$ cat data.tsv   # TSV, C-alpha atoms and all ligand atoms
chain	number	residue	atom	x	y	z
A	22	MET	CA	110.27	-151.49	113.99
A	23	THR	CA	110.52	-147.93	115.34
A	24	ASP	CA	111.13	-145.51	112.52
A	25	THR	CA	112.31	-142.30	114.12
A	26	GLN	CA	111.82	-140.45	110.83
A	27	THR	CA	108.03	-140.80	111.01
A	28	PRO	CA	106.61	-137.90	112.97
A	29	PHE	CA	103.36	-138.09	114.88
A	30	SER	CA	100.61	-136.72	112.67
A	31	PHE	CA	96.86	-136.85	112.11
A	32	SER	CA	95.01	-136.64	108.82
A	33	LEU	CA	91.26	-136.56	108.34
A	34	ASN	CA	90.07	-138.55	105.32
A	35	ALA	CA	86.33	-137.91	105.46
A	36	THR	CA	83.56	-136.45	107.57
A	37	ASP	CA	79.85	-137.28	107.66
A	38	GLY	CA	77.86	-134.86	109.80
A	39	LYS	CA	80.08	-134.37	112.84
A	40	ALA	CA	81.58	-137.88	112.53
A	41	ARG	CA	85.15	-138.12	111.26
A	42	THR	CA	87.44	-140.82	109.90
A	43	GLY	CA	91.17	-140.54	109.43
A	44	VAL	CA	94.59	-141.88	110.38
A	45	ILE	CA	97.01	-141.07	113.19
A	46	GLN	CA	100.53	-141.80	111.97
A	47	THR	CA	103.16	-142.83	114.52
A	48	PRO	CA	106.64	-144.38	114.21
A	49	ARG	CA	105.12	-147.63	115.52
A	50	GLY	CA	102.34	-147.81	112.96
A	51	ASP	CA	99.10	-146.19	111.87
A	52	ILE	CA	96.02	-145.86	114.04
A	53	ARG	CA	92.81	-145.85	112.01
A	54	THR	CA	90.15	-143.55	113.47
A	55	PRO	CA	87.62	-143.73	114.93
A	56	ALA	CA	89.76	-146.08	117.07
A	57	PHE	CA	88.89	-148.27	120.03
A	58	MET	CA	91.79	-149.00	122.40
A	59	PRO	CA	91.63	-152.21	124.47
A	60	VAL	CA	92.89	-151.69	128.00
A	61	GLY	CA	96.07	-153.49	129.06
A	62	THR	CA	96.14	-152.34	132.67
A	63	ALA	CA	98.99	-154.43	134.08
A	64	ALA	CA	100.94	-154.86	130.80
A	65	THR	CA	98.41	-157.38	129.51
A	66	VAL	CA	94.93	-157.29	128.03
A	67	LYS	CA	93.56	-159.89	130.43
A	68	ALA	CA	93.01	-163.37	128.93
A	69	MET	CA	94.48	-162.35	125.54
A	70	MET	CA	97.84	-162.92	123.85
A	71	PRO	CA	99.08	-159.68	122.22
A	72	GLU	CA	98.92	-161.23	118.74
A	73	SER	CA	95.28	-162.13	119.43
A	74	VAL	CA	94.53	-158.54	120.44
A	75	ARG	CA	96.05	-157.44	117.15
A	76	ALA	CA	93.99	-160.06	115.28
A	77	THR	CA	90.79	-158.49	116.65
A	78	GLY	CA	91.72	-155.35	114.70
A	79	ALA	CA	93.26	-153.19	117.43
A	80	ASP	CA	95.86	-150.67	116.22
A	81	ILE	CA	96.73	-149.35	119.70
A	82	LEU	CA	96.51	-150.39	123.35
A	83	LEU	CA	96.09	-148.40	126.54
A	84	GLY	CA	98.38	-148.93	129.54
A	85	ASN	CA	97.73	-147.67	133.07
A	86	THR	CA	100.46	-145.54	134.64
A	87	TYR	CA	99.12	-145.96	138.18
A	88	HIS	CA	99.25	-149.77	138.11
A	89	LEU	CA	102.58	-150.03	136.28
A	90	MET	CA	104.36	-147.49	138.53
A	91	LEU	CA	103.39	-149.55	141.59
A	92	ARG	CA	104.09	-152.96	140.07
A	93	PRO	CA	106.52	-153.81	138.51
A	94	THR	CA	107.55	-150.07	138.51
A	95	ALA	CA	108.36	-147.88	135.52
A	96	GLU	CA	112.09	-148.02	136.31
A	97	ARG	CA	112.10	-151.84	136.08
A	98	ILE	CA	110.18	-151.80	132.79
A	99	ALA	CA	112.62	-149.19	131.39
A	100	LYS	CA	115.61	-151.36	132.35
A	101	LEU	CA	113.97	-154.30	130.58
A	102	GLY	CA	113.65	-152.32	127.36
A	103	GLY	CA	110.35	-150.48	127.77
A	104	LEU	CA	106.70	-151.47	127.88
A	105	HIS	CA	106.42	-152.52	124.20
A	106	LYS	CA	109.22	-155.09	124.55
A	107	PHE	CA	108.16	-156.10	128.07
A	108	MET	CA	104.61	-157.04	127.00
A	109	ASN	CA	105.45	-158.05	123.42
A	110	TRP	CA	103.29	-155.40	121.69
A	111	ASP	CA	105.25	-153.44	119.08
A	112	ARG	CA	102.42	-151.17	117.95
A	113	PRO	CA	101.39	-147.87	119.52
A	114	ILE	CA	100.61	-147.61	123.23
A	115	LEU	CA	98.77	-144.76	124.95
A	116	THR	CA	99.27	-144.38	128.69
A	117	ASP	CA	96.98	-142.49	131.00
A	118	SER	CA	98.55	-140.08	133.48
A	119	GLY	CA	97.72	-141.96	136.67
A	120	GLY	CA	95.54	-139.13	137.96
A	121	PHE	CA	92.15	-140.73	137.47
A	122	GLN	CA	93.15	-144.03	139.04
A	123	VAL	CA	94.81	-142.41	142.03
A	124	MET	CA	91.43	-140.80	142.68
A	125	SER	CA	89.47	-144.00	142.20
A	126	LEU	CA	91.77	-146.71	143.62
A	127	ALA	CA	94.42	-145.39	145.99
A	128	GLY	CA	93.97	-144.91	149.72
A	129	LEU	CA	94.66	-141.79	151.82
A	130	ARG	CA	95.05	-139.28	149.01
A	131	LYS	CA	96.31	-135.76	149.55
A	132	LEU	CA	95.89	-133.23	146.78
A	133	THR	CA	98.03	-130.07	146.66
A	134	GLU	CA	99.10	-127.57	143.99
A	135	LYS	CA	102.24	-129.65	143.52
A	136	GLY	CA	100.49	-133.00	142.90
A	137	VAL	CA	98.97	-135.97	144.70
A	138	THR	CA	100.41	-138.15	147.45
A	139	PHE	CA	98.71	-141.46	148.12
A	140	LYS	CA	99.03	-144.95	149.53
A	141	SER	CA	99.24	-147.92	147.16
A	142	HIS	CA	96.11	-150.10	147.07
A	143	ILE	CA	98.48	-153.10	146.78
A	144	ASP	CA	100.76	-152.78	149.82
A	145	GLY	CA	99.99	-149.42	151.45
A	146	SER	CA	103.35	-147.91	150.43
A	147	LYS	CA	103.46	-144.13	150.01
A	148	HIS	CA	103.86	-142.50	146.57
A	149	GLU	CA	103.64	-139.13	144.89
A	150	ILE	CA	102.58	-138.21	141.37
A	151	THR	CA	103.13	-134.70	140.09
A	152	PRO	CA	102.79	-133.56	136.48
A	153	GLU	CA	106.59	-133.86	136.17
A	154	ARG	CA	106.69	-137.35	137.67
A	155	SER	CA	103.81	-138.51	135.47
A	156	MET	CA	105.73	-137.37	132.36
A	157	GLU	CA	108.85	-139.17	133.64
A	158	ILE	CA	106.98	-142.42	134.27
A	159	GLN	CA	105.27	-142.36	130.87
A	160	GLU	CA	108.65	-141.71	129.18
A	161	LEU	CA	110.24	-144.60	131.12
A	162	LEU	CA	107.42	-146.85	129.92
A	163	GLY	CA	108.10	-145.69	126.34
A	164	SER	CA	104.51	-144.62	125.72
A	165	ASP	CA	103.75	-143.32	122.22
A	166	ILE	CA	100.84	-141.14	123.32
A	167	VAL	CA	101.35	-139.53	126.72
A	168	MET	CA	98.48	-137.97	128.67
A	169	CYS	CA	98.73	-134.80	130.75
A	170	PHE	CA	98.42	-135.23	134.51
A	171	ASP	CA	95.02	-133.93	135.57
A	172	GLU	CA	92.49	-134.01	138.34
A	173	CYS	CA	88.95	-135.19	137.76
A	174	PRO	CA	86.25	-134.62	140.38
A	175	ALA	CA	83.56	-137.28	140.75
A	176	LEU	CA	80.15	-136.12	139.52
A	177	PRO	CA	77.89	-134.72	140.79
A	178	ALA	CA	80.03	-131.91	142.17
A	179	ASP	CA	79.17	-128.26	142.65
A	180	ARG	CA	80.22	-125.72	140.05
A	181	LYS	CA	82.81	-124.08	142.29
A	182	ARG	CA	84.57	-127.42	142.89
A	183	ILE	CA	84.47	-128.24	139.16
A	184	ALA	CA	85.85	-124.80	138.23
A	185	GLU	CA	88.71	-124.98	140.76
A	186	SER	CA	89.57	-128.50	139.70
A	187	MET	CA	89.57	-127.53	136.01
A	188	GLU	CA	91.82	-124.52	136.69
A	189	LEU	CA	94.26	-126.71	138.64
A	190	SER	CA	94.26	-129.24	135.77
A	191	MET	CA	95.09	-126.45	133.30
A	192	ARG	CA	98.08	-125.34	135.43
A	193	TRP	CA	99.14	-128.98	135.55
A	194	ALA	CA	98.69	-129.21	131.76
A	195	ALA	CA	101.20	-126.37	131.30
A	196	ARG	CA	103.64	-128.12	133.67
A	197	SER	CA	103.09	-131.44	131.84
A	198	LYS	CA	103.93	-129.78	128.51
A	199	ALA	CA	107.10	-128.17	129.92
A	200	ALA	CA	108.23	-131.49	131.45
A	201	PHE	CA	107.40	-133.49	128.30
A	202	GLY	CA	109.70	-131.26	126.25
A	203	ASP	CA	110.45	-132.02	122.63
A	204	ARG	CA	110.20	-135.74	121.80
A	205	PRO	CA	109.83	-136.32	118.05
A	206	GLY	CA	107.59	-139.27	117.21
A	207	HIS	CA	105.86	-139.11	120.59
A	208	ALA	CA	102.67	-137.21	121.32
A	209	LEU	CA	101.32	-135.37	124.33
A	210	PHE	CA	97.56	-134.98	124.68
A	211	GLY	CA	95.86	-132.31	126.78
A	212	ILE	CA	92.70	-133.14	128.72
A	213	GLN	CA	89.65	-130.90	128.73
A	214	GLN	CA	87.79	-130.71	132.04
A	215	GLY	CA	84.84	-128.67	133.28
A	216	GLY	CA	82.23	-131.27	134.21
A	217	LEU	CA	78.89	-130.68	132.53
A	218	GLU	CA	79.32	-126.89	132.42
A	219	GLN	CA	79.59	-125.66	128.84
A	220	ASP	CA	81.37	-122.40	129.67
A	221	LEU	CA	83.94	-124.13	131.90
A	222	ARG	CA	84.56	-126.69	129.12
A	223	GLY	CA	85.08	-123.75	126.75
A	224	GLN	CA	87.57	-122.07	129.11
A	225	SER	CA	89.41	-125.36	129.52
A	226	ALA	CA	89.62	-125.89	125.74
A	227	GLU	CA	90.93	-122.34	125.31
A	228	ALA	CA	93.63	-122.87	127.97
A	229	LEU	CA	94.72	-126.11	126.32
A	230	ARG	CA	94.84	-124.57	122.82
A	231	GLU	CA	97.08	-121.82	124.15
A	232	ILE	CA	99.54	-124.39	125.52
A	233	GLY	CA	99.29	-126.47	122.32
A	234	PHE	CA	99.03	-130.27	122.19
A	235	ASP	CA	99.25	-133.08	119.63
A	236	GLY	CA	95.75	-134.25	120.54
A	237	TYR	CA	92.97	-133.40	122.96
A	238	ALA	CA	90.94	-135.58	125.29
A	239	VAL	CA	87.49	-134.96	126.65
A	240	GLY	CA	88.04	-135.90	130.29
A	241	GLY	CA	85.76	-136.10	133.27
A	242	LEU	CA	82.91	-137.97	131.56
A	243	ALA	CA	81.73	-141.57	132.06
A	244	VAL	CA	82.03	-140.99	135.81
A	245	GLY	CA	78.42	-141.73	136.69
A	246	GLU	CA	76.56	-138.91	134.93
A	247	GLY	CA	74.59	-141.25	132.64
A	248	GLN	CA	74.42	-141.45	128.84
A	249	GLU	CA	71.97	-138.61	128.32
A	250	ALA	CA	74.07	-136.10	130.29
A	251	MET	CA	77.24	-137.37	128.60
A	252	PHE	CA	75.73	-136.94	125.12
A	253	ASP	CA	74.45	-133.45	126.04
A	254	CYS	CA	78.05	-132.54	126.92
A	255	LEU	CA	79.42	-134.19	123.78
A	256	ASP	CA	76.99	-132.09	121.73
A	257	TYR	CA	79.38	-129.15	122.31
A	258	ALA	CA	82.64	-130.35	123.97
A	259	PRO	CA	84.38	-131.84	120.87
A	260	ASP	CA	83.48	-128.71	118.86
A	261	GLN	CA	85.44	-126.61	121.38
A	262	LEU	CA	88.63	-128.56	120.53
A	263	PRO	CA	90.83	-128.08	117.44
A	264	VAL	CA	89.47	-129.68	114.25
A	265	ASP	CA	92.87	-130.80	112.98
A	266	LYS	CA	93.92	-132.88	116.01
A	267	PRO	CA	92.63	-136.23	117.35
A	268	ARG	CA	89.88	-136.05	119.97
A	269	TYR	CA	89.87	-138.77	122.60
A	270	LEU	CA	86.95	-139.60	124.89
A	271	MET	CA	88.43	-141.30	127.95
A	272	GLY	CA	86.90	-144.42	129.49
A	273	VAL	CA	83.96	-144.94	127.10
A	274	GLY	CA	82.11	-147.18	126.85
A	275	LYS	CA	79.20	-149.45	125.89
A	276	PRO	CA	78.66	-150.02	122.15
A	277	ASP	CA	75.89	-147.40	121.90
A	278	ASP	CA	78.00	-144.89	123.88
A	279	ILE	CA	80.81	-145.39	121.37
A	280	VAL	CA	78.58	-144.92	118.35
A	281	GLY	CA	76.94	-141.82	119.88
A	282	ALA	CA	80.35	-140.34	120.71
A	283	VAL	CA	81.67	-140.87	117.17
A	284	ALA	CA	78.49	-139.25	115.80
A	285	ARG	CA	79.43	-136.20	117.91
A	286	GLY	CA	83.00	-135.90	116.58
A	287	ILE	CA	85.10	-138.20	118.80
A	288	ASP	CA	88.05	-140.07	117.19
A	289	MET	CA	89.42	-142.33	119.95
A	290	MET	CA	88.03	-144.24	122.93
A	291	ASP	CA	89.10	-146.85	125.48
A	292	CYS	CA	87.22	-149.03	127.92
A	293	VAL	CA	87.71	-152.17	130.03
A	294	LEU	CA	84.14	-153.22	129.27
A	295	PRO	CA	84.74	-155.79	126.47
A	296	SER	CA	87.48	-157.60	128.39
A	297	ARG	CA	85.94	-157.29	131.87
A	298	SER	CA	82.51	-158.40	130.64
A	299	GLY	CA	84.08	-161.32	128.79
A	300	ARG	CA	85.41	-162.67	132.08
A	301	THR	CA	81.98	-162.42	133.74
A	302	GLY	CA	80.09	-164.22	130.99
A	303	GLN	CA	78.64	-161.20	129.23
A	304	ALA	CA	78.91	-160.94	125.45
A	305	PHE	CA	78.04	-157.96	123.26
A	306	THR	CA	76.51	-159.02	119.94
A	307	ARG	CA	74.89	-157.48	116.89
A	308	LYS	CA	71.52	-158.37	118.42
A	309	GLY	CA	72.15	-157.21	121.97
A	310	VAL	CA	73.79	-158.34	125.19
A	311	VAL	CA	73.99	-162.09	125.89
A	312	ASN	CA	74.55	-163.58	129.34
A	313	ILE	CA	76.12	-166.91	128.47
A	314	LYS	CA	75.46	-168.32	131.95
A	315	ASN	CA	71.69	-168.39	131.31
A	316	ALA	CA	70.23	-171.91	131.12
A	317	ARG	CA	68.62	-171.17	127.74
A	318	HIS	CA	72.05	-171.62	126.08
A	319	ALA	CA	72.77	-175.10	127.54
A	320	ASP	CA	71.47	-177.02	124.48
A	321	ASP	CA	71.95	-174.32	121.85
A	322	PRO	CA	74.26	-175.46	119.00
A	323	ARG	CA	74.22	-172.03	117.32
A	324	PRO	CA	77.10	-169.52	117.42
A	325	LEU	CA	77.05	-166.60	119.85
A	326	ASP	CA	76.81	-164.11	116.97
A	327	GLU	CA	76.37	-165.49	113.47
A	328	GLY	CA	77.66	-162.23	111.97
A	329	CYS	CA	81.01	-162.50	113.79
A	330	ALA	CA	84.19	-164.13	112.43
A	331	CYS	CA	86.02	-164.47	115.78
A	332	PRO	CA	87.19	-167.91	117.02
A	333	ALA	CA	84.43	-168.07	119.67
A	334	CYS	CA	81.74	-167.65	117.01
A	335	SER	CA	83.46	-169.60	114.22
A	336	ASN	CA	84.40	-172.72	116.16
A	337	TYR	CA	82.16	-173.05	119.21
A	338	SER	CA	78.46	-173.27	120.08
A	339	ARG	CA	76.55	-171.30	122.68
A	340	ALA	CA	76.19	-174.62	124.49
A	341	TYR	CA	79.98	-174.99	124.74
A	342	LEU	CA	80.49	-171.39	125.84
A	343	HIS	CA	77.77	-171.90	128.47
A	344	HIS	CA	79.42	-175.13	129.67
A	345	VAL	CA	82.95	-173.72	130.05
A	346	PHE	CA	81.63	-170.62	131.82
A	347	ARG	CA	79.64	-172.73	134.29
A	348	SER	CA	82.69	-174.99	134.78
A	349	HIS	CA	84.94	-171.99	135.51
A	350	GLU	CA	87.29	-173.03	132.69
A	351	MET	CA	89.85	-170.39	131.66
A	352	ILE	CA	88.92	-170.75	127.99
A	353	SER	CA	85.58	-169.14	128.84
A	354	GLY	CA	87.13	-165.76	129.61
A	355	MET	CA	89.53	-166.14	126.69
A	356	LEU	CA	86.83	-166.83	124.09
A	357	LEU	CA	84.33	-164.25	125.34
A	358	THR	CA	87.00	-161.55	125.65
A	359	TRP	CA	88.17	-162.31	122.12
A	360	HIS	CA	84.60	-162.09	120.85
A	361	ASN	CA	83.86	-158.83	122.67
A	362	LEU	CA	87.07	-157.18	121.50
A	363	ARG	CA	86.40	-158.33	117.93
A	364	TYR	CA	82.83	-157.02	118.09
A	365	PHE	CA	84.01	-153.61	119.33
A	366	GLN	CA	86.60	-153.47	116.53
A	367	ASP	CA	83.96	-154.53	113.98
A	368	ILE	CA	81.84	-151.58	115.15
A	369	MET	CA	84.80	-149.23	114.63
A	370	ASP	CA	85.51	-150.74	111.20
A	371	GLY	CA	81.84	-150.40	110.24
A	372	MET	CA	81.78	-146.76	111.32
A	373	ARG	CA	85.01	-145.93	109.48
A	374	GLY	CA	83.60	-147.41	106.28
A	375	ALA	CA	80.20	-145.74	106.66
A	376	ILE	CA	81.69	-142.30	107.42
A	377	ALA	CA	83.97	-142.60	104.38
A	378	ALA	CA	80.99	-143.61	102.22
A	379	GLY	CA	78.73	-140.87	103.62
A	380	THR	CA	76.25	-143.48	104.90
A	381	PHE	CA	76.83	-143.14	108.65
A	382	GLU	CA	73.22	-142.26	109.43
A	383	ALA	CA	71.92	-145.43	107.74
A	384	TRP	CA	74.66	-147.45	109.46
A	385	GLN	CA	73.59	-146.13	112.87
A	386	LYS	CA	69.94	-147.01	112.16
A	387	GLU	CA	70.89	-150.59	111.31
A	388	PHE	CA	73.17	-150.81	114.38
A	389	HIS	CA	70.42	-149.67	116.76
A	390	GLU	CA	67.73	-151.83	115.13
A	391	GLY	CA	69.95	-154.90	115.43
A	392	ARG	CA	70.79	-154.34	119.08
A	393	ALA	CA	67.17	-153.55	119.99
A	394	GLN	CA	66.27	-157.17	119.23
A	395	GLY	CA	67.90	-158.20	122.53
A	396	ASP	CA	69.16	-161.59	121.27
A	397	ILE	CA	68.16	-164.30	118.81
A	398	ASP	CA	64.95	-166.16	119.76
A	399	PRO	CA	65.46	-169.20	122.02
A	400	LEU	CA	65.33	-172.59	120.29
A	501	ZN	ZN	82.49	-163.55	117.89
$ encode --input "data.tsv" --output "structure tokens" --more "lines below"
Ligand SMILES: [Zn+2]
Amino acid sequence: MTDTQTPFSFSLNATDGKARTGVIQTPRGDIRTPAFMPVGTAATVKAMMPESVRATGADILLGNTYHLMLRPTAERIAKLGGLHKFMNWDRPILTDSGGFQVMSLAGLRKLTEKGVTFKSHIDGSKHEITPERSMEIQELLGSDIVMCFDECPALPADRKRIAESMELSMRWAARSKAAFGDRPGHALFGIQQGGLEQDLRGQSAEALREIGFDGYAVGGLAVGEGQEAMFDCLDYAPDQLPVDKPRYLMGVGKPDDIVGAVARGIDMMDCVLPSRSGRTGQAFTRKGVVNIKNARHADDPRPLDEGCACPACSNYSRAYLHHVFRSHEMISGMLLTWHNLRYFQDIMDGMRGAIAAGTFEAWQKEFHEGRAQGDIDPL
């Protein structure tokens, strides 16, 4: 379905306060923003068929360069026709650069100006990622939105460490852009760094603007700083980035993180939370977070979330979901993941509609009031 005539582009349809709604056009289909991207780490969104992921309302998936380069390798995926064909998902895919996961998962890392060498967490084999290699891997995968290779220090870190890391990431951003070259229909996003320091974030944004990217990510957040510190940073960080390009907040988050980020001008997000939580018996609902393993659900014939149209809520009771979770049945993770992904997409859909209608503030009030209830009352 690839139409090479369609360039990558972004158009804003409406704004409400700092919140924005629009469309990213790609040869593989439109991405409605604000957009939530389910995470398909190892060429699968765990417990979901690709057509089911699409049915939840997802326009785009995220794939992880680090995992795919180690197993089954980018070269093997390329020989088999690319990641879209390999995993049977023909819509847009964004891949991360591998940098963040090397820092969080790999053993024996060594960071130099050139790049990072590390040992695989799977078999201990030795690998190197440089900005050039990251671009090569993401091209082999056939990614539609490619991320610059960057370095992200864990927080808290001192200002000197954050500044040096940001400056290295900006040099790597320039190398990423040069290696990416000119690939019509594909996009390269730069990643703003600078920790929680407003002036460093500003310098990073300036360096990225000078290089010029198709979109800009706010990187280095959701790494343990807490929601309040993250929101303080998001009060200025998106404003430092170009208005006419998509802004992507990496690795966020819980439903109220997502809503707060969109209110501050973010257009795209990704997180493993809905799928990971689904496999551990945790469901996000309009009235709060439900732990399906709790005994209170054992005799409850009501749906998980009466406002939800997903298969878990349409066709099954809380009692059934409780039973299959306690029995370690695979359908438990499947149904709860489906529900969580659908709920996250319903939030995005609700925000897009409210921003377009100019009623985002009222929508947020209703969202927070609903979730503050904690759950429906026990029977
Ligand atoms: Zn549901």
$ closest_residue --input "data.tsv" --among "A:Ala304, A:Ile313, A:Leu400, A:Ala284" --to "ligand ZN 501 (chain A)" --atoms "all atoms listed in the file"
A:Ala304
$ closest_residue --input "data.tsv" --among "A:Ser141, A:Thr47, A:Ser335, A:Gly354" --to "Ser298 (chain A)" --atoms "all atoms listed in the file"
A:Gly354
$ closest_residue --input "data.tsv" --among "A:Ala393, A:Met271, A:Cys329, A:Met355" --to "ligand ZN 501 (chain A)" --atoms "all atoms listed in the file"
A:Cys329
$ residues_near_ligand --input "data.tsv" --ligand "ligand ZN 501 (chain A)" --cutoff "12 Å" --atoms "only C-alpha atoms and all ligand atoms" --output "short mmCIF file (atom, residue, chain, number, x, y, z; two decimals) with C-alpha atoms, in the coordinates of the input"
data_model
loop_
_atom_site.label_atom_id
_atom_site.label_comp_id
_atom_site.auth_asym_id
_atom_site.auth_seq_id
_atom_site.Cartn_x
_atom_site.Cartn_y
_atom_site.Cartn_z
CA THR A 77 90.79 -158.49 116.65
CA PRO A 295 84.74 -155.79 126.47
CA GLY A 299 84.08 -161.32 128.79
CA ALA A 304 78.91 -160.94 125.45
CA PHE A 305 78.04 -157.96 123.26
CA THR A 306 76.51 -159.02 119.94
CA ARG A 307 74.89 -157.48 116.89
CA VAL A 311 73.99 -162.09 125.89
CA ARG A 323 74.22 -172.03 117.32
CA PRO A 324 77.10 -169.52 117.42
CA LEU A 325 77.05 -166.60 119.85
CA ASP A 326 76.81 -164.11 116.97
CA GLU A 327 76.37 -165.49 113.47
CA GLY A 328 77.66 -162.23 111.97
CA CYS A 329 81.01 -162.50 113.79
CA ALA A 330 84.19 -164.13 112.43
CA CYS A 331 86.02 -164.47 115.78
CA PRO A 332 87.19 -167.91 117.02
CA ALA A 333 84.43 -168.07 119.67
CA CYS A 334 81.74 -167.65 117.01
CA SER A 335 83.46 -169.60 114.22
CA ASN A 336 84.40 -172.72 116.16
CA TYR A 337 82.16 -173.05 119.21
CA SER A 338 78.46 -173.27 120.08
CA ARG A 339 76.55 -171.30 122.68
CA LEU A 342 80.49 -171.39 125.84
CA MET A 355 89.53 -166.14 126.69
CA LEU A 356 86.83 -166.83 124.09
CA LEU A 357 84.33 -164.25 125.34
CA THR A 358 87.00 -161.55 125.65
CA TRP A 359 88.17 -162.31 122.12
CA HIS A 360 84.60 -162.09 120.85
CA ASN A 361 83.86 -158.83 122.67
CA LEU A 362 87.07 -157.18 121.50
CA ARG A 363 86.40 -158.33 117.93
CA TYR A 364 82.83 -157.02 118.09
CA PHE A 365 84.01 -153.61 119.33
CA GLN A 366 86.60 -153.47 116.53
CA ASP A 367 83.96 -154.53 113.98
#
$ closest_residue --input "data.tsv" --among "A:Ala258, A:Ile397, A:Val66, A:Leu229" --to "Val310 (chain A)" --atoms "only C-alpha atoms"
A:Ile397
$ closest_atom_pairs --input "data.tsv" --of "region 252-319 of chain A" --to "region 207-222 of chain A" --cutoff "9 Å" --atoms "all atoms listed in the file" --output "JSON lines"
{"residue": "A:Asp253", "atom": "CA", "partner": "A:Leu217", "partner_atom": "CA", "distance": 8.3}
{"residue": "A:Cys254", "atom": "CA", "partner": "A:Leu217", "partner_atom": "CA", "distance": 6.0}
{"residue": "A:Tyr257", "atom": "CA", "partner": "A:Gln219", "partner_atom": "CA", "distance": 7.4}
{"residue": "A:Ala258", "atom": "CA", "partner": "A:Arg222", "partner_atom": "CA", "distance": 6.6}
{"residue": "A:Gln261", "atom": "CA", "partner": "A:Arg222", "partner_atom": "CA", "distance": 7.8}
{"residue": "A:Leu262", "atom": "CA", "partner": "A:Gln213", "partner_atom": "CA", "distance": 8.6}
{"residue": "A:Pro267", "atom": "CA", "partner": "A:Phe210", "partner_atom": "CA", "distance": 8.9}
{"residue": "A:Tyr269", "atom": "CA", "partner": "A:Ile212", "partner_atom": "CA", "distance": 8.8}
$ write_last_selection --input "data.tsv" --atoms "C-alpha atoms" --output "compact mmCIF listing (two decimals), in the frame of the given file"
# COMPACT_ATOMS: atom_id res chain seq x y z
CA ASP A 253 74.45 -133.45 126.04
CA CYS A 254 78.05 -132.54 126.92
CA TYR A 257 79.38 -129.15 122.31
CA ALA A 258 82.64 -130.35 123.97
CA GLN A 261 85.44 -126.61 121.38
CA LEU A 262 88.63 -128.56 120.53
CA PRO A 267 92.63 -136.23 117.35
CA TYR A 269 89.87 -138.77 122.60
$ closest_residue --input "data.tsv" --among "A:Cys169, A:Val123, A:Leu255, A:Leu115" --to "His148 (chain A)" --atoms "all atoms listed in the file"
A:Val123
$ closest_residue --input "data.tsv" --among "A:His318, A:His88, A:Lys135, A:Arg268" --to "Gly240 (chain A)" --atoms "all atoms listed in the file"
A:Arg268
$ atom_distance --input "data.tsv" --atom1 "CA of Gly379 (chain A)" --atom2 "CA of Leu82 (chain A)"
28.2 Å
$ residues_around --input "data.tsv" --residues "Leu104 (chain A)" --least-positions-apart "4" --cutoff "8 Å" --atoms "all atoms listed in the file" --output "number ranges by chain"
A: 64, 98-99, 108, 162-164
$ atom_distance --input "data.tsv" --atom1 "CA of Lys131 (chain A)" --atom2 "CA of Arg180 (chain A)"
21.2 Å
$ atom_distance --input "data.tsv" --atom1 "CA of Glu246 (chain A)" --atom2 "CA of Ala228 (chain A)"
24.4 Å
$ residues_around --input "data.tsv" --residues "Phe381 (chain A)" --least-positions-apart "4" --cutoff "8 Å" --atoms "all atoms listed in the file" --output "list of chain:residue names"
A:Asp37, A:Met372, A:Ala375, A:Ile376, A:Gln385
